[in-house]
$ cat start.csv   # CSV, C-alpha atoms
chain,number,residue,atom,x,y,z
A,5,MET,CA,-187.2,-27.5,3.2
A,6,ALA,CA,-185.7,-27.8,6.6
A,7,PRO,CA,-183.8,-30.8,7.9
A,8,PHE,CA,-185.1,-31.3,11.5
A,9,ARG,CA,-182.2,-33.6,12.4
A,10,ARG,CA,-179.4,-35.3,10.6
A,11,GLY,CA,-180.5,-38.4,8.7
A,12,ARG,CA,-183.0,-39.6,6.2
A,13,ARG,CA,-185.8,-37.4,7.4
A,14,GLY,CA,-183.7,-34.3,7.0
A,15,LEU,CA,-182.3,-35.3,3.7
A,16,SER,CA,-185.8,-35.9,2.3
A,17,PHE,CA,-186.8,-32.4,3.3
A,18,ILE,CA,-183.7,-30.9,1.6
A,19,ILE,CA,-184.2,-32.7,-1.6
A,20,ALA,CA,-188.0,-32.1,-1.7
A,21,ALA,CA,-187.3,-28.4,-1.9
A,22,GLY,CA,-185.2,-28.4,-5.0
A,23,LEU,CA,-186.5,-30.9,-7.5
A,24,LEU,CA,-189.0,-28.9,-9.5
A,25,VAL,CA,-186.4,-27.8,-12.1
A,26,ILE,CA,-188.0,-28.3,-15.5
A,27,ALA,CA,-191.3,-26.4,-15.4
A,28,ALA,CA,-190.3,-22.9,-16.6
A,29,ASN,CA,-187.5,-22.5,-14.1
A,30,ASP,CA,-189.9,-22.7,-11.2
A,31,ALA,CA,-187.4,-24.0,-8.7
A,32,ASN,CA,-183.7,-24.6,-8.9
A,33,ALA,CA,-182.4,-23.7,-5.5
A,34,GLN,CA,-183.0,-24.4,-1.8
A,35,ALA,CA,-182.1,-22.9,1.5
A,36,TRP,CA,-180.6,-25.9,3.3
A,37,VAL,CA,-177.5,-27.7,2.0
A,38,LEU,CA,-176.6,-31.3,2.3
A,39,PRO,CA,-174.3,-32.3,5.1
A,40,ARG,CA,-170.6,-32.9,4.3
A,41,GLY,CA,-170.0,-36.2,2.5
A,42,GLU,CA,-173.7,-36.8,1.7
A,43,GLY,CA,-175.3,-36.7,-1.7
A,44,ALA,CA,-178.2,-37.9,-3.7
A,45,ILE,CA,-179.0,-39.2,-7.2
A,46,SER,CA,-182.5,-38.3,-8.4
A,47,LEU,CA,-184.5,-39.3,-11.5
A,48,THR,CA,-187.4,-37.0,-12.1
A,49,TYR,CA,-190.4,-37.5,-14.5
A,50,GLN,CA,-192.4,-34.5,-15.4
A,51,THR,CA,-195.4,-33.9,-17.7
A,52,ILE,CA,-196.6,-30.4,-18.6
A,53,ASP,CA,-200.0,-30.0,-20.1
A,54,ASN,CA,-200.1,-26.7,-21.9
A,55,THR,CA,-203.8,-25.9,-22.3
A,56,GLY,CA,-203.6,-22.6,-24.0
A,57,HIS,CA,-202.0,-19.2,-24.0
A,58,ARG,CA,-202.5,-16.0,-22.0
A,59,ARG,CA,-202.4,-12.8,-24.0
A,60,THR,CA,-200.8,-9.5,-22.9
A,61,ASN,CA,-204.0,-8.5,-21.1
A,62,GLY,CA,-204.1,-11.9,-19.3
A,63,PHE,CA,-207.0,-13.2,-21.3
A,64,LEU,CA,-206.9,-17.0,-21.8
A,65,VAL,CA,-207.1,-18.4,-25.3
A,66,PRO,CA,-207.5,-22.2,-25.2
A,67,ARG,CA,-205.7,-22.8,-28.5
A,68,GLY,CA,-202.3,-24.1,-29.5
A,69,ARG,CA,-202.4,-26.9,-26.9
A,70,SER,CA,-199.4,-29.2,-26.5
A,71,ILE,CA,-197.8,-31.6,-24.0
A,72,ASP,CA,-194.2,-31.8,-22.7
A,73,MET,CA,-192.7,-34.7,-20.9
A,74,SER,CA,-189.2,-34.8,-19.4
A,75,LEU,CA,-186.8,-37.2,-17.7
A,76,TYR,CA,-184.3,-35.4,-15.6
A,77,LEU,CA,-181.2,-37.0,-14.1
A,78,GLU,CA,-179.6,-35.0,-11.3
A,79,ALA,CA,-176.7,-35.4,-8.8
A,80,GLU,CA,-176.1,-33.4,-5.7
A,81,TYR,CA,-173.2,-33.6,-3.2
A,82,GLY,CA,-172.3,-31.7,0.0
A,83,PHE,CA,-168.6,-31.0,0.0
A,84,THR,CA,-168.8,-29.3,3.4
A,85,ASN,CA,-171.6,-28.6,5.8
A,86,ARG,CA,-172.1,-25.3,4.0
A,87,PHE,CA,-171.2,-25.9,0.4
A,88,SER,CA,-172.9,-28.2,-2.1
A,89,VAL,CA,-173.0,-28.6,-5.9
A,90,THR,CA,-175.9,-29.9,-8.1
A,91,ALA,CA,-175.7,-30.9,-11.7
A,92,GLY,CA,-178.3,-32.3,-14.1
A,93,LEU,CA,-179.5,-32.8,-17.6
A,94,PRO,CA,-183.1,-33.4,-18.9
A,95,TYR,CA,-184.3,-35.4,-21.9
A,96,VAL,CA,-187.4,-33.8,-23.2
A,97,PHE,CA,-190.4,-35.0,-25.3
A,98,ALA,CA,-192.9,-32.5,-26.8
A,99,LYS,CA,-195.9,-32.8,-29.1
A,100,TYR,CA,-198.6,-30.5,-30.5
A,101,THR,CA,-202.0,-31.9,-29.5
A,102,ASP,CA,-204.5,-29.3,-30.6
A,103,PRO,CA,-206.8,-30.4,-33.4
A,104,ASN,CA,-206.8,-26.8,-34.7
A,105,PRO,CA,-203.8,-24.8,-35.9
A,106,PRO,CA,-202.4,-22.0,-33.7
A,107,PRO,CA,-204.2,-18.6,-34.1
A,108,PRO,CA,-202.8,-16.5,-36.9
A,109,PRO,CA,-200.3,-15.0,-37.5
A,110,ILE,CA,-198.5,-17.7,-35.5
A,111,PRO,CA,-197.0,-20.1,-38.1
A,112,PHE,CA,-198.1,-23.7,-38.1
A,113,LEU,CA,-194.7,-25.4,-38.4
A,114,PRO,CA,-194.1,-28.9,-39.8
A,115,GLU,CA,-193.0,-30.1,-36.4
A,116,ASP,CA,-196.4,-29.2,-35.0
A,117,GLN,CA,-198.5,-30.1,-38.0
A,118,CYS,CA,-197.4,-33.8,-37.8
A,119,ARG,CA,-198.6,-33.9,-34.2
A,120,CYS,CA,-195.8,-36.3,-33.5
A,121,TRP,CA,-193.3,-36.5,-30.7
A,122,GLN,CA,-190.2,-34.3,-30.9
A,123,SER,CA,-187.4,-35.4,-28.4
A,124,GLY,CA,-183.9,-34.8,-27.4
A,125,TRP,CA,-181.5,-33.6,-24.7
A,126,GLN,CA,-182.2,-30.1,-23.5
A,127,ASP,CA,-180.0,-27.8,-21.2
A,128,PHE,CA,-177.2,-28.9,-18.9
A,129,GLY,CA,-177.3,-27.1,-15.6
A,130,VAL,CA,-175.0,-26.7,-12.6
A,131,THR,CA,-175.7,-24.9,-9.3
A,132,ALA,CA,-173.3,-24.1,-6.4
A,133,ARG,CA,-174.7,-23.1,-3.0
A,134,TYR,CA,-172.9,-21.8,0.0
A,135,ASN,CA,-174.7,-21.5,3.3
A,136,LEU,CA,-173.9,-18.2,5.2
A,137,ALA,CA,-176.0,-19.0,8.3
A,138,GLY,CA,-177.3,-22.1,9.9
A,139,GLY,CA,-175.2,-24.8,8.3
A,140,ALA,CA,-176.7,-28.1,7.3
A,141,SER,CA,-179.1,-28.4,10.2
A,142,GLY,CA,-179.8,-24.9,11.5
A,143,ALA,CA,-183.3,-23.7,12.5
A,144,PHE,CA,-182.7,-20.6,10.3
A,145,VAL,CA,-180.5,-20.7,7.2
A,146,LEU,CA,-179.5,-18.2,4.5
A,147,THR,CA,-177.9,-19.6,1.3
A,148,PRO,CA,-176.8,-17.7,-1.8
A,149,SER,CA,-176.3,-19.6,-5.0
A,150,VAL,CA,-174.8,-19.3,-8.5
A,151,SER,CA,-176.2,-21.3,-11.4
A,152,PHE,CA,-175.2,-21.8,-15.1
A,153,GLY,CA,-177.3,-23.4,-17.8
A,154,THR,CA,-176.3,-24.0,-21.4
A,155,PRO,CA,-177.9,-26.0,-24.3
A,156,SER,CA,-176.4,-29.4,-24.6
A,157,ARG,CA,-176.9,-29.2,-28.4
A,158,ASP,CA,-178.5,-27.0,-31.1
A,159,TYR,CA,-182.1,-28.1,-30.7
A,160,ASN,CA,-185.3,-26.6,-32.2
A,161,PHE,CA,-186.8,-23.7,-30.2
A,162,ARG,CA,-189.7,-22.8,-32.6
A,163,GLY,CA,-193.3,-23.9,-32.3
A,164,GLU,CA,-195.4,-25.5,-29.6
A,165,SER,CA,-193.4,-28.8,-29.7
A,166,ALA,CA,-190.1,-27.0,-29.2
A,167,LEU,CA,-187.7,-28.6,-26.7
A,168,GLY,CA,-186.8,-25.3,-25.0
A,169,ARG,CA,-185.4,-21.9,-25.7
A,170,ASN,CA,-181.9,-22.9,-26.7
A,171,LEU,CA,-180.3,-20.1,-24.8
A,172,THR,CA,-177.4,-19.8,-22.3
A,173,GLU,CA,-178.1,-18.2,-19.0
A,174,GLU,CA,-176.4,-17.4,-15.6
A,175,ARG,CA,-178.4,-17.0,-12.4
A,176,ILE,CA,-177.6,-15.5,-9.0
A,177,GLY,CA,-179.9,-16.2,-6.1
A,178,ILE,CA,-180.5,-16.1,-2.4
A,179,ASP,CA,-182.7,-18.5,-0.3
A,180,ALA,CA,-183.8,-18.4,3.3
A,181,GLY,CA,-185.5,-21.0,5.4
A,182,ARG,CA,-186.9,-21.2,8.9
A,183,ARG,CA,-188.1,-24.1,11.1
A,184,LEU,CA,-191.1,-22.8,13.0
A,185,ASP,CA,-190.3,-24.4,16.4
A,186,VAL,CA,-192.6,-22.0,18.2
A,187,ILE,CA,-195.5,-23.7,16.4
A,188,SER,CA,-194.1,-27.2,15.7
A,189,ARG,CA,-190.7,-28.7,15.0
A,190,ASP,CA,-192.4,-30.5,12.1
A,191,LEU,CA,-193.3,-27.3,10.3
A,192,SER,CA,-191.0,-25.0,8.3
A,193,VAL,CA,-191.2,-22.3,5.6
A,194,GLU,CA,-188.6,-21.1,3.1
A,195,GLY,CA,-188.4,-18.8,0.1
A,196,GLY,CA,-186.0,-17.5,-2.5
A,197,TYR,CA,-185.3,-15.0,-5.2
A,198,SER,CA,-183.0,-15.3,-8.3
A,199,TYR,CA,-182.1,-13.1,-11.2
A,200,ALA,CA,-181.2,-14.7,-14.5
A,201,PHE,CA,-178.9,-13.1,-17.1
A,202,VAL,CA,-180.2,-14.6,-20.4
A,203,GLU,CA,-178.4,-14.7,-23.7
A,204,LYS,CA,-179.8,-11.9,-25.9
A,205,VAL,CA,-181.6,-12.7,-29.2
A,206,MET,CA,-181.6,-10.0,-31.9
A,207,GLY,CA,-180.3,-7.6,-29.3
A,208,ILE,CA,-183.4,-8.1,-27.1
A,209,SER,CA,-182.9,-8.9,-23.4
A,210,THR,CA,-185.2,-11.4,-21.6
A,211,ASN,CA,-183.5,-11.3,-18.2
A,212,ARG,CA,-185.9,-12.3,-15.5
A,213,SER,CA,-186.6,-12.5,-11.8
A,214,ASN,CA,-188.0,-15.6,-10.2
A,215,ALA,CA,-189.3,-15.9,-6.6
A,216,ARG,CA,-190.8,-18.8,-4.6
A,217,VAL,CA,-192.3,-19.6,-1.2
A,218,GLN,CA,-192.8,-23.1,0.2
A,219,THR,CA,-194.1,-24.5,3.4
A,220,GLY,CA,-193.7,-28.1,4.6
A,221,TYR,CA,-195.1,-30.2,7.4
A,222,PHE,CA,-194.2,-33.8,8.5
A,223,ILE,CA,-197.4,-35.7,9.1
A,224,THR,CA,-195.4,-38.7,10.2
A,225,ARG,CA,-191.6,-39.3,10.5
A,226,LYS,CA,-191.7,-40.5,6.8
A,227,LEU,CA,-194.5,-38.5,5.2
A,228,LEU,CA,-194.1,-34.8,4.3
A,229,VAL,CA,-196.8,-32.6,2.8
A,230,ARG,CA,-196.0,-29.2,1.3
A,231,GLY,CA,-197.5,-26.2,-0.4
A,232,GLU,CA,-195.7,-23.8,-2.8
A,233,ALA,CA,-196.1,-20.8,-5.1
A,234,TYR,CA,-193.9,-19.4,-7.8
A,235,TRP,CA,-193.6,-16.0,-9.5
A,236,GLN,CA,-191.7,-14.8,-12.6
A,237,ARG,CA,-191.2,-11.4,-14.1
A,238,THR,CA,-189.3,-10.9,-17.4
A,239,HIS,CA,-187.3,-7.7,-17.6
A,240,GLY,CA,-187.5,-6.8,-21.3
A,241,GLY,CA,-188.9,-9.1,-24.0
A,242,LEU,CA,-191.8,-8.4,-26.3
A,243,ARG,CA,-195.5,-8.1,-25.8
A,244,PHE,CA,-197.5,-10.2,-28.2
A,245,GLY,CA,-200.6,-8.0,-27.8
A,246,SER,CA,-204.2,-8.9,-27.2
A,247,PRO,CA,-205.9,-9.1,-30.6
A,248,ALA,CA,-209.6,-9.4,-31.2
A,249,PRO,CA,-210.6,-13.0,-32.2
A,250,ALA,CA,-210.8,-12.1,-35.9
A,251,ASP,CA,-207.5,-10.2,-36.1
A,252,LEU,CA,-204.9,-11.6,-38.4
A,253,VAL,CA,-202.1,-9.3,-37.1
A,254,PHE,CA,-201.1,-9.0,-33.5
A,255,PRO,CA,-201.2,-5.4,-32.2
A,256,GLY,CA,-198.2,-5.9,-30.0
A,257,GLU,CA,-194.4,-5.7,-30.5
A,258,VAL,CA,-194.0,-8.9,-32.5
A,259,ASN,CA,-194.5,-6.9,-35.7
A,260,THR,CA,-192.0,-8.2,-38.3
A,261,PRO,CA,-191.4,-11.6,-39.9
A,262,GLU,CA,-188.0,-11.8,-38.2
A,263,LEU,CA,-189.5,-11.2,-34.7
A,264,LEU,CA,-192.3,-13.6,-35.4
A,265,ASP,CA,-189.7,-16.3,-36.3
A,266,GLN,CA,-188.0,-15.8,-32.9
A,267,HIS,CA,-191.1,-15.0,-30.8
A,268,ASP,CA,-191.0,-18.3,-28.8
A,269,ARG,CA,-187.9,-17.1,-26.9
A,270,LEU,CA,-188.5,-13.3,-27.0
A,271,LEU,CA,-191.9,-12.9,-25.2
A,272,ARG,CA,-192.2,-11.0,-21.9
A,273,ASP,CA,-193.3,-14.1,-20.0
A,274,ASN,CA,-194.8,-13.3,-16.6
A,275,TYR,CA,-196.7,-15.7,-14.4
A,276,TRP,CA,-198.0,-17.1,-11.1
A,277,HIS,CA,-197.9,-20.8,-10.4
A,278,ALA,CA,-199.1,-22.6,-7.3
A,279,GLY,CA,-199.5,-26.1,-6.0
A,280,GLY,CA,-198.5,-28.7,-3.5
A,281,GLY,CA,-197.0,-32.2,-3.1
A,282,LEU,CA,-196.1,-35.1,-0.9
A,283,ALA,CA,-192.7,-36.8,-0.1
A,284,TYR,CA,-192.4,-40.3,1.4
A,285,SER,CA,-189.2,-42.0,2.7
A,286,PHE,CA,-188.7,-45.7,2.1
A,287,PRO,CA,-185.7,-47.5,3.6
A,288,GLN,CA,-183.4,-47.1,0.6
A,289,PHE,CA,-185.0,-44.2,-1.4
A,290,ASP,CA,-187.4,-41.4,-1.3
A,291,VAL,CA,-190.4,-40.7,-3.6
A,292,LEU,CA,-191.8,-37.2,-4.2
A,293,ALA,CA,-194.8,-36.0,-6.1
A,294,THR,CA,-195.8,-32.4,-6.9
A,295,TYR,CA,-198.8,-30.9,-8.8
A,296,ILE,CA,-198.5,-27.3,-10.0
A,297,ALA,CA,-201.3,-25.2,-11.6
A,298,PHE,CA,-200.5,-22.3,-13.9
A,299,VAL,CA,-202.6,-19.7,-12.1
A,300,GLY,CA,-202.2,-16.7,-14.2
A,301,GLY,CA,-199.9,-14.4,-16.2
A,302,THR,CA,-199.3,-12.5,-19.4
A,303,ASP,CA,-197.7,-13.6,-22.6
A,304,THR,CA,-197.3,-17.1,-21.2
A,305,HIS,CA,-198.7,-20.6,-21.3
A,306,ALA,CA,-201.7,-21.8,-19.3
A,307,GLY,CA,-201.6,-25.4,-18.0
A,308,ARG,CA,-200.5,-27.6,-15.2
A,309,ALA,CA,-197.5,-29.8,-14.4
A,310,LEU,CA,-197.1,-33.1,-12.5
A,311,THR,CA,-193.7,-34.1,-11.2
A,312,ILE,CA,-192.6,-37.4,-9.7
A,313,SER,CA,-189.1,-38.0,-8.4
A,314,PHE,CA,-187.2,-41.0,-7.1
A,315,VAL,CA,-184.2,-40.1,-4.9
A,316,VAL,CA,-181.4,-42.4,-3.8
A,317,PRO,CA,-179.2,-40.9,-1.1
A,318,PHE,CA,-175.6,-41.9,-0.6
A,319,ARG,CA,-172.5,-41.1,1.5
A,320,LEU,CA,-169.0,-41.2,0.2
A,321,GLY,CA,-166.5,-43.0,2.5
A,322,GLY,CA,-169.2,-45.0,4.3
A,323,PRO,CA,-172.9,-46.0,4.4
A,324,HIS,CA,-175.5,-43.2,4.5
A,325,ARG,CA,-176.8,-42.4,8.0
$ encode --input "start.csv" --output "structure tokens"
Amino acid sequence: MAPFRRGRRGLSFIIAAGLLVIAANDANAQAWVLPRGEGAISLTYQTIDNTGHRRTNGFLVPRGRSIDMSLYLEAEYGFTNRFSVTAGLPYVFAKYTDPNPPPPPIPFLPEDQCRCWQSGWQDFGVTARYNLAGGASGAFVLTPSVSFGTPSRDYNFRGESALGRNLTEERIGIDAGRRLDVISRDLSVEGGYSYAFVEKVMGISTNRSNARVQTGYFITRKLLVRGEAYWQRTHGGLRFGSPAPADLVFPGEVNTPELLDQHDRLLRDNYWHAGGGLAYSFPQFDVLATYIAFVGGTDTHAGRALTISFVVPFRLGGPHR
């Protein structure tokens, strides 16, 4: 979101745009960069309530429910008024919560059967952004980015209580933002697109496109409200199919034991997510909260996500302005 002027108000708007980074890659970039010499340390808590699965035809099956919780530590720093770098690493907790087993032929793994918490470090990520237009405080900005993510260790990727996909990926993206001065200097809109090159599994590509749009409005000098929507399209991957309730075999492309064993990271996961949030600036830190609903999709999860972040800004070589 747009920084309307240099200082805490602008920094809060920048950070608010880029903190939803755990829920299925919904956001990991932003249009405005931090001013030179300024940075932020953020601690984010997120809980994802997976309430079921959407079949290839989009039909919702409320089975295989689980919950994921994450603690994400991130640091961002502006090296110039146009170039900034962000790095972070989440610690993830996951648990299968459904009283019934997953629908066949999905295997009911021991990690899910125990209905106990699985936990561990997930994927380390770093993003570099360079602003081509507008700088750190322009009314219109255009910022490409390059990101790299890699598993921090060899963690489990199978089952509903998996910690992630355990795959390396590189992303390129472009983000644009506009402060809508003709309406109000307190209102702005931004959006972005990224393409991810994902490590192949069994020779199958799951490269994907992600897009987002966000609007923000300062109700007061310290309180920001925003709305946002996210879209994902997987280029490749496998369709699980849309079996009848009594079918024991999926009619889709996951049709061998080997593919079934790897299906958690091979599906053609397409979705729409939407929600909104608030950000409030205290004298020494900022607090942000966002609620996202999983609106629809195919071969994907249904559910919702709640994210709460605490952000401490800093300035190297002197106090933060």
$ atom_distance --input "start.csv" --atom1 "CA of Arg40 in chain A" --atom2 "CA of Ala79 in chain A"
14.7 Å
$ atom_distance --input "start.csv" --atom1 "CA of Phe97 in chain A" --atom2 "CA of Pro66 in chain A"
21.4 Å
$ residues_around --input "start.csv" --residues "Leu64 in chain A" --least-positions-apart "4" --cutoff "9 Å" --atoms "all atoms listed in the file" --output "list of chain:residue names"
A:Gly56, A:His57, A:Arg58, A:Arg59, A:Gly300, A:His305, A:Ala306
$ residues_around --input "start.csv" --residues "Gly43 in chain A" --least-positions-apart "2" --cutoff "7 Å" --atoms "only C-alpha atoms" --output "PyMOL selection string"
chain A and resi 38+41+80-82+317-319
$ residues_near_point --input "start.csv" --point "(-194.8, -35.4, -31.1)" --cutoff "6 Å" --atoms "all atoms listed in the file" --output "compact mmCIF listing (two decimals) with C-alpha atoms, in the coordinates of the input"
# COMPACT_ATOMS: atom_id res chain seq x y z
CA ALA A 98 -192.90 -32.50 -26.80
CA LYS A 99 -195.90 -32.80 -29.10
CA ARG A 119 -198.60 -33.90 -34.20
CA CYS A 120 -195.80 -36.30 -33.50
CA TRP A 121 -193.30 -36.50 -30.70
CA GLN A 122 -190.20 -34.30 -30.90
$ residues_near_point --input "start.csv" --point "(-196.5, -41.6, -8.9)" --cutoff "9 Å" --atoms "all atoms listed in the file" --output "ChimeraX atom specification"
/A:291-293,311-313
$ atom_distance --input "start.csv" --atom1 "CA of Thr51 in chain A" --atom2 "CA of Leu93 in chain A"
15.9 Å
$ closest_atom_pairs --input "start.csv" --of "range 206-293 of chain A" --to "range 156-163 of chain A" --cutoff "9 Å" --atoms "only C-alpha atoms" --output "JSON lines"
{"residue": "A:Asp265", "atom": "CA", "partner": "A:Arg162", "partner_atom": "CA", "distance": 7.5}
{"residue": "A:Gln266", "atom": "CA", "partner": "A:Arg162", "partner_atom": "CA", "distance": 7.2}
{"residue": "A:His267", "atom": "CA", "partner": "A:Arg162", "partner_atom": "CA", "distance": 8.1}
{"residue": "A:Asp268", "atom": "CA", "partner": "A:Arg162", "partner_atom": "CA", "distance": 6.0}
{"residue": "A:Arg269", "atom": "CA", "partner": "A:Phe161", "partner_atom": "CA", "distance": 7.5}
$ closest_residue --input "start.csv" --among "A:Ser74, A:Ser285, A:Gln218, A:Thr260" --to "Ser123 in chain A" --atoms "only C-alpha atoms"
A:Ser74
$ closest_residue --input "start.csv" --among "A:Leu113, A:Pro39, A:Leu310, A:Thr304" --to "Asn61 in chain A" --atoms "only C-alpha atoms"
A:Thr304
